[in-house]
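For reference, model_6.txt is printed below; it contains compact mmCIF, C-alpha atoms.
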# COMPACT_ATOMS: atom_id res chain seq x y z
CA MET X 1 14.71 4.59 22.15
CA THR X 2 14.46 0.88 21.41
CA ARG X 3 11.78 -0.67 19.26
CA ASP X 4 10.08 -2.20 22.31
CA GLN X 5 9.81 1.23 23.92
CA LYS X 6 7.87 2.83 21.07
CA PRO X 7 4.24 3.70 21.80
CA VAL X 8 1.50 2.13 19.71
CA CYS X 9 0.27 5.50 18.40
CA LYS X 10 2.46 8.57 18.18
CA PRO X 11 0.94 12.07 18.61
CA PHE X 12 -0.46 13.35 15.32
CA ASN X 13 2.06 16.22 15.07
CA GLN X 14 4.88 13.65 15.00
CA ILE X 15 3.12 11.59 12.35
CA VAL X 16 2.66 14.62 10.10
CA SER X 17 6.35 15.49 10.21
CA MET X 18 7.64 12.00 9.48
CA PHE X 19 4.90 9.85 7.99
CA THR X 20 5.72 9.65 4.28
CA GLN X 21 9.44 9.36 4.99
CA LYS X 22 8.68 6.45 7.32
CA ALA X 23 6.31 4.84 4.84
CA LEU X 24 8.72 5.03 1.91
CA SER X 25 11.56 3.66 4.03
CA ILE X 26 9.46 0.68 5.11
CA PHE X 27 8.22 0.09 1.56
CA GLN X 28 11.82 0.01 0.33
CA GLU X 29 12.67 -2.43 3.12
CA VAL X 30 9.81 -4.70 2.05
CA ILE X 31 10.70 -4.63 -1.63
CA GLN X 32 14.36 -5.36 -0.97
CA GLN X 33 13.50 -8.21 1.40
CA TYR X 34 11.02 -9.74 -1.05
CA HIS X 35 13.57 -9.75 -3.86
CA VAL X 36 16.14 -11.68 -1.83
CA LEU X 37 14.19 -14.80 -2.90
CA ASP X 38 11.96 -13.11 -5.51
CA ASP X 39 9.25 -15.71 -4.93
CA PRO X 40 5.58 -14.81 -4.31
CA TYR X 41 5.13 -18.08 -2.40
CA GLN X 42 7.88 -17.42 0.12
CA SER X 43 6.98 -17.28 3.79
CA PHE X 44 6.13 -13.93 5.32
CA ALA X 45 7.49 -12.56 8.58
CA ASN X 46 6.72 -9.06 9.81
CA PRO X 47 9.71 -7.58 11.67
CA TYR X 48 7.51 -4.99 13.39
CA SER X 49 5.31 -5.85 16.35
CA ARG X 50 1.61 -5.06 16.24
CA GLU X 51 1.73 -4.38 19.98
CA THR X 52 4.64 -1.91 20.03
CA ASP X 53 5.03 -0.72 16.41
CA LEU X 54 1.49 -0.76 15.07
CA LEU X 55 1.96 1.78 12.27
CA ASP X 56 5.21 0.18 11.07
CA HIS X 57 3.56 -3.24 11.30
CA LEU X 58 0.62 -2.17 9.14
CA LEU X 59 2.80 -0.40 6.56
CA TYR X 60 5.10 -3.42 6.22
CA ARG X 61 2.21 -5.82 5.82
CA LYS X 62 0.47 -3.52 3.33
CA CYS X 63 3.47 -3.26 1.03
CA TRP X 64 4.20 -6.99 1.28
CA ILE X 65 0.68 -7.76 0.03
CA ASP X 66 1.15 -5.30 -2.85
CA THR X 67 4.57 -6.72 -3.72
CA VAL X 68 3.36 -10.31 -3.83
CA GLN X 69 0.35 -9.32 -5.89
CA TRP X 70 2.58 -7.39 -8.32
CA HIS X 71 4.39 -10.65 -9.08
CA TYR X 72 1.17 -12.67 -9.23
CA GLU X 73 0.06 -10.27 -11.96
CA ASP X 74 3.31 -10.89 -13.87
CA ILE X 75 2.88 -14.66 -13.70
CA ILE X 76 -0.75 -14.78 -14.78
CA ARG X 77 0.09 -12.87 -17.98
CA ASP X 78 2.29 -15.72 -19.20
CA PRO X 79 0.60 -16.75 -22.50
CA GLU X 80 1.75 -20.35 -21.89
CA ILE X 81 0.34 -20.63 -18.37
CA ASP X 82 -1.61 -23.78 -17.63
CA PRO X 83 -5.36 -22.95 -17.48
CA VAL X 84 -5.81 -24.76 -14.16
CA ALA X 85 -2.83 -22.94 -12.67
CA ALA X 86 -4.22 -19.66 -14.03
CA LEU X 87 -7.55 -20.26 -12.31
CA THR X 88 -5.81 -21.03 -9.02
CA LEU X 89 -3.71 -17.89 -9.38
CA LYS X 90 -6.76 -15.77 -10.24
CA ARG X 91 -8.32 -16.83 -6.96
CA GLN X 92 -5.09 -15.98 -5.14
CA ILE X 93 -5.18 -12.53 -6.74
CA ASP X 94 -8.80 -12.10 -5.64
CA ALA X 95 -7.83 -13.04 -2.07
CA SER X 96 -4.87 -10.66 -2.24
CA ASN X 97 -7.13 -7.83 -3.38
CA GLN X 98 -9.35 -8.46 -0.36
CA ASP X 99 -6.30 -8.44 1.93
CA ARG X 100 -5.16 -5.19 0.32
CA THR X 101 -8.53 -3.56 1.01
CA ASP X 102 -8.58 -4.88 4.57
CA MET X 103 -5.13 -3.40 5.23
CA VAL X 104 -6.25 0.00 3.92
CA GLU X 105 -9.16 -0.13 6.36
CA TYR X 106 -6.84 -1.12 9.22
CA LEU X 107 -4.60 1.85 8.39
CA ASP X 108 -7.56 4.21 8.27
CA GLY X 109 -8.61 2.85 11.65
CA TYR X 110 -5.16 3.81 12.94
CA PHE X 111 -5.55 7.35 11.63
CA LEU X 112 -9.09 7.67 12.98
CA ASP X 113 -7.81 6.71 16.42
CA THR X 114 -4.84 9.07 16.13
CA TYR X 115 -7.00 12.08 15.26
CA LYS X 116 -9.98 11.22 17.46
CA ASP X 117 -9.35 14.19 19.78
CA VAL X 118 -9.16 16.76 16.96
CA THR X 119 -12.27 18.93 16.68
CA PRO X 120 -12.81 19.95 13.04
CA SER X 121 -13.55 23.60 12.39
CA ASN X 122 -16.97 24.67 11.18
CA GLN X 123 -15.48 25.19 7.72
CA ALA X 124 -13.71 21.81 7.62
CA THR X 125 -14.13 19.81 4.42
CA ILE X 126 -13.75 16.16 3.53
CA ASN X 127 -11.04 14.91 1.19
CA THR X 128 -11.68 12.88 -1.96
CA GLU X 129 -9.84 9.93 -0.42
CA SER X 130 -8.81 8.88 3.06
CA PRO X 131 -5.15 8.95 4.17
CA ALA X 132 -4.82 5.18 3.84
CA TRP X 133 -5.94 5.16 0.21
CA GLY X 134 -3.19 7.69 -0.43
CA VAL X 135 -0.82 5.25 1.28
CA ASP X 136 -2.13 2.50 -0.98
CA ARG X 137 -1.13 4.52 -4.05
CA LEU X 138 2.24 5.33 -2.47
CA SER X 139 2.96 1.64 -1.93
CA ILE X 140 2.13 0.78 -5.54
CA LEU X 141 4.22 3.72 -6.69
CA ALA X 142 7.20 2.40 -4.71
CA LEU X 143 6.91 -0.84 -6.66
CA LYS X 144 6.67 1.01 -9.97
CA VAL X 145 9.78 3.03 -9.14
CA TYR X 146 11.74 -0.08 -8.15
CA HIS X 147 10.85 -2.09 -11.24
CA MET X 148 11.20 0.80 -13.68
CA ASP X 149 14.66 1.47 -12.28
CA GLN X 150 15.47 -2.21 -12.85
CA GLU X 151 14.44 -1.85 -16.48
CA ALA X 152 16.29 1.44 -16.96
CA THR X 153 19.54 -0.19 -15.81
CA ARG X 154 19.07 -3.69 -17.24
CA LYS X 155 22.35 -4.67 -18.89
CA ASP X 156 20.82 -6.90 -21.57
CA ALA X 157 18.34 -4.23 -22.71
CA SER X 158 18.90 -1.91 -25.64
CA GLN X 159 19.89 1.70 -25.10
CA THR X 160 16.54 2.72 -26.57
CA HIS X 161 14.72 0.60 -23.98
CA GLN X 162 16.87 1.94 -21.15
CA ALA X 163 16.32 5.55 -22.22
CA ALA X 164 12.55 5.06 -22.53
CA CYS X 165 12.39 3.49 -19.08
CA GLN X 166 14.56 6.24 -17.58
CA ALA X 167 12.13 8.83 -18.94
CA LYS X 168 9.24 6.93 -17.34
CA LEU X 169 11.20 6.63 -14.10
CA ASP X 170 11.70 10.40 -14.02
CA VAL X 171 7.93 10.86 -14.27
CA LEU X 172 7.34 8.31 -11.51
CA LEU X 173 9.78 10.10 -9.21
CA THR X 174 7.99 13.39 -9.80
CA GLN X 175 4.68 11.67 -9.14
CA ARG X 176 6.10 10.27 -5.89
CA LEU X 177 7.13 13.75 -4.77
CA ASP X 178 3.68 15.12 -5.56
CA LEU X 179 1.92 12.26 -3.81
CA THR X 180 4.04 12.47 -0.65
CA SER X 181 3.41 16.22 -0.52
CA ALA X 182 -0.34 15.67 -0.91
CA ILE X 183 -0.44 13.03 1.83
CA GLU X 184 1.56 15.22 4.22
CA GLN X 185 -0.75 18.14 3.48
CA LEU X 186 -3.82 16.01 4.12
CA LEU X 187 -2.46 14.81 7.46
CA THR X 188 -1.55 18.39 8.40
CA ASP X 189 -5.06 19.55 7.52
CA ILE X 190 -6.69 16.76 9.51
CA ALA X 191 -4.45 17.49 12.48
CA SER X 192 -5.35 21.19 12.34
CA GLY X 193 -9.07 20.55 11.89
CA THR X 194 -9.40 22.06 8.40
CA LYS X 195 -10.10 18.59 6.96
CA TYR X 196 -11.87 15.68 8.58
CA MET X 197 -11.85 11.94 8.00
CA LYS X 198 -14.89 9.96 7.01
CA VAL X 199 -14.18 6.37 6.07
CA TYR X 200 -16.53 4.14 4.11
CA LYS X 201 -16.01 0.40 4.12
CA GLN X 202 -15.51 -0.98 0.61
CA MET X 203 -18.38 -3.46 0.99
CA LYS X 204 -17.08 -5.69 -1.79
CA MET X 205 -19.88 -7.99 -2.90
CA TYR X 206 -18.21 -10.56 -5.14
CA ASN X 207 -16.41 -12.32 -2.24
CA ASP X 208 -19.56 -12.58 -0.09
CA ASP X 209 -21.55 -15.78 -0.53
CA GLU X 210 -24.71 -13.93 0.50
CA LEU X 211 -24.27 -11.00 -1.89
CA ASN X 212 -22.74 -12.70 -4.96
CA PRO X 213 -25.63 -14.54 -6.69
CA VAL X 214 -23.28 -17.14 -8.18
CA LEU X 215 -21.86 -18.04 -4.77
CA ARG X 216 -25.30 -17.89 -3.15
CA ALA X 217 -26.63 -20.39 -5.67
CA GLN X 218 -23.97 -22.89 -4.61
CA LYS X 219 -25.17 -23.00 -1.01
Entire entry expressed as structure tokens:
Amino acid sequence: MTRDQKPVCKPFNQIVSMFTQKALSIFQEVIQQYHVLDDPYQSFANPYSRETDLLDHLLYRKCWIDTVQWHYEDIIRDPEIDPVAALTLKRQIDASNQDRTDMVEYLDGYFLDTYKDVTPSNQATINTESPAWGVDRLSILALKVYHMDQEATRKDASQTHQAACQAKLDVLLTQRLDLTSAIEQLLTDIASGTKYMKVYKQMKMYNDDELNPVLRAQK
């Protein structure tokens, strides 16, 4: 089946059996592509179509936002950074955080649509977080694994540093296994009706010029 032939939303039983594998594969694709130039200001192009590959499209965009922000956070911690540049970057990080939240909500919208025909059982319970917030943690974890592996194998680092980073990498890999298992279980439970989704918008106030008193005072 070609990419153009893929449906927008796959049946939920297919998603359950392949979702975290798909997500991790796309996250790795994003991280590798970003590091070709290794520049947070490089142009962005999503290889997956919103019309024919919606889930892939959302996952790619989500991880790209996280990857760029990861490197923003590195730059802003430079003790020699120019204060004006730091302020500009802080605002870029704020905007990135809003994009990150928006993408989580788009992903949860995808899952809500996918499971809309599932009738929860009378004993169904709600989970502490929605599927997309689990995906958010999985995307960040993919970045941690990539960069910790870089440190564990860095040729100019001491053996002590490499060993310490390898130990941390081992923990991250175990955490990734646990998180993928938990996400798969949650999707299985939602698909079977033993869990149900209930999504709350984040309702961030500091970016809203009506809700942030400092911004409101500038109007």
| message | Just want the 8 Å neighbourhood of stretch 174-191 of chain X, counted on all atoms listed in the file, with same-chain residues fewer than 3 positions away dropped. Output as a list in words. | response | Phe12, Asn13, Val16, Ser17, Phe19, Thr20, Tyr115, Val118, Pro120, Asn127, Pro131, Gly134, Val135, Leu138, Leu141, Asp170, Val171, Thr194, Lys195, Tyr196 and Met197 of chain X
| query | For X:Met148, which residue out of X:Thr52, X:Gln92, X:Met205, X:Leu173 is the nearest one, using all atoms listed in the file? | reply | X:Leu173
| said: Report, in Å to a single decimal, how far apart atom CA of X:Trp133 and atom CA of X:Asp53 are. | reply: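 Distance between the two atoms: 20.4 Å.
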| query | From the list X:Ile26, X:Ile126, X:Cys165, X:Val199, which residue is nearest X:Gln150 when using all atoms listed in the file? | reply | X:Cys165
| message | Just checking: using all atoms listed in the file, which residue out of X:Arg137, X:His147, X:Lys116, X:Arg50 ends up closest to X:His35? | response |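 Distance minimum relative to X:His35 lands on X:His147.
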How would stretch 70-100 of chain X look with N, CA and C atoms restored, written as a compact mmCIF listing (two decimals), in the coordinates of the input?
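out_19.txt, freshly written:
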# COMPACT_ATOMS: atom_id res chain seq x y z
N TRP X 70 1.89 -7.88 -7.13
CA TRP X 70 2.58 -7.39 -8.32
C TRP X 70 3.15 -8.58 -9.12
N HIS X 71 3.75 -9.51 -8.41
CA HIS X 71 4.39 -10.65 -9.08
C HIS X 71 3.37 -11.71 -9.49
N TYR X 72 2.28 -11.84 -8.75
CA TYR X 72 1.17 -12.67 -9.23
C TYR X 72 0.71 -12.17 -10.60
N GLU X 73 0.57 -10.85 -10.72
CA GLU X 73 0.06 -10.27 -11.96
C GLU X 73 1.03 -10.51 -13.12
N ASP X 74 2.34 -10.54 -12.83
CA ASP X 74 3.31 -10.89 -13.87
C ASP X 74 3.11 -12.33 -14.34
N ILE X 75 2.97 -13.23 -13.38
CA ILE X 75 2.88 -14.66 -13.70
C ILE X 75 1.64 -14.97 -14.51
N ILE X 76 0.50 -14.40 -14.14
CA ILE X 76 -0.75 -14.78 -14.78
C ILE X 76 -0.83 -14.29 -16.23
N ARG X 77 0.06 -13.36 -16.60
CA ARG X 77 0.09 -12.87 -17.98
C ARG X 77 0.96 -13.72 -18.90
N ASP X 78 1.52 -14.79 -18.38
CA ASP X 78 2.29 -15.72 -19.20
C ASP X 78 1.34 -16.37 -20.21
N PRO X 79 1.53 -16.17 -21.52
CA PRO X 79 0.60 -16.75 -22.50
C PRO X 79 0.61 -18.28 -22.51
N GLU X 80 1.65 -18.89 -21.91
CA GLU X 80 1.75 -20.35 -21.89
C GLU X 80 1.30 -20.94 -20.56
N ILE X 81 0.72 -20.13 -19.69
CA ILE X 81 0.34 -20.63 -18.37
C ILE X 81 -0.73 -21.70 -18.49
N ASP X 82 -0.61 -22.72 -17.67
CA ASP X 82 -1.61 -23.78 -17.63
C ASP X 82 -2.95 -23.22 -17.16
N PRO X 83 -4.06 -23.52 -17.85
CA PRO X 83 -5.36 -22.95 -17.48
C PRO X 83 -5.76 -23.23 -16.03
N VAL X 84 -5.46 -24.43 -15.55
CA VAL X 84 -5.81 -24.76 -14.16
C VAL X 84 -4.98 -23.92 -13.20
N ALA X 85 -3.69 -23.77 -13.51
CA ALA X 85 -2.83 -22.94 -12.67
C ALA X 85 -3.28 -21.48 -12.72
N ALA X 86 -3.75 -21.04 -13.89
CA ALA X 86 -4.22 -19.66 -14.03
C ALA X 86 -5.45 -19.42 -13.17
N LEU X 87 -6.35 -20.40 -13.13
CA LEU X 87 -7.55 -20.26 -12.31
C LEU X 87 -7.19 -20.19 -10.83
N THR X 88 -6.27 -21.05 -10.41
CA THR X 88 -5.81 -21.03 -9.02
C THR X 88 -5.19 -19.68 -8.68
N LEU X 89 -4.37 -19.17 -9.61
CA LEU X 89 -3.71 -17.89 -9.38
C LEU X 89 -4.71 -16.75 -9.37
N LYS X 90 -5.72 -16.82 -10.23
CA LYS X 90 -6.76 -15.77 -10.24
C LYS X 90 -7.44 -15.69 -8.88
N ARG X 91 -7.69 -16.82 -8.28
CA ARG X 91 -8.32 -16.83 -6.96
C ARG X 91 -7.37 -16.30 -5.89
N GLN X 92 -6.07 -16.56 -6.06
CA GLN X 92 -5.09 -15.98 -5.14
C GLN X 92 -5.05 -14.46 -5.29
N ILE X 93 -5.15 -13.98 -6.51
CA ILE X 93 -5.18 -12.53 -6.74
C ILE X 93 -6.43 -11.92 -6.12
N ASP X 94 -7.57 -12.59 -6.26
CA ASP X 94 -8.80 -12.10 -5.64
C ASP X 94 -8.64 -12.01 -4.12
N ALA X 95 -8.05 -13.04 -3.53
CA ALA X 95 -7.83 -13.04 -2.07
C ALA X 95 -6.86 -11.93 -1.68
N SER X 96 -5.83 -11.72 -2.51
CA SER X 96 -4.87 -10.66 -2.24
C SER X 96 -5.52 -9.29 -2.31
N ASN X 97 -6.41 -9.10 -3.28
CA ASN X 97 -7.13 -7.83 -3.38
C ASN X 97 -7.97 -7.56 -2.13
N GLN X 98 -8.57 -8.63 -1.59
CA GLN X 98 -9.35 -8.46 -0.36
C GLN X 98 -8.43 -8.10 0.80
N ASP X 99 -7.27 -8.77 0.88
CA ASP X 99 -6.30 -8.44 1.93
C ASP X 99 -5.83 -6.99 1.80
N ARG X 100 -5.60 -6.57 0.57
CA ARG X 100 -5.16 -5.19 0.32
C ARG X 100 -6.20 -4.20 0.85
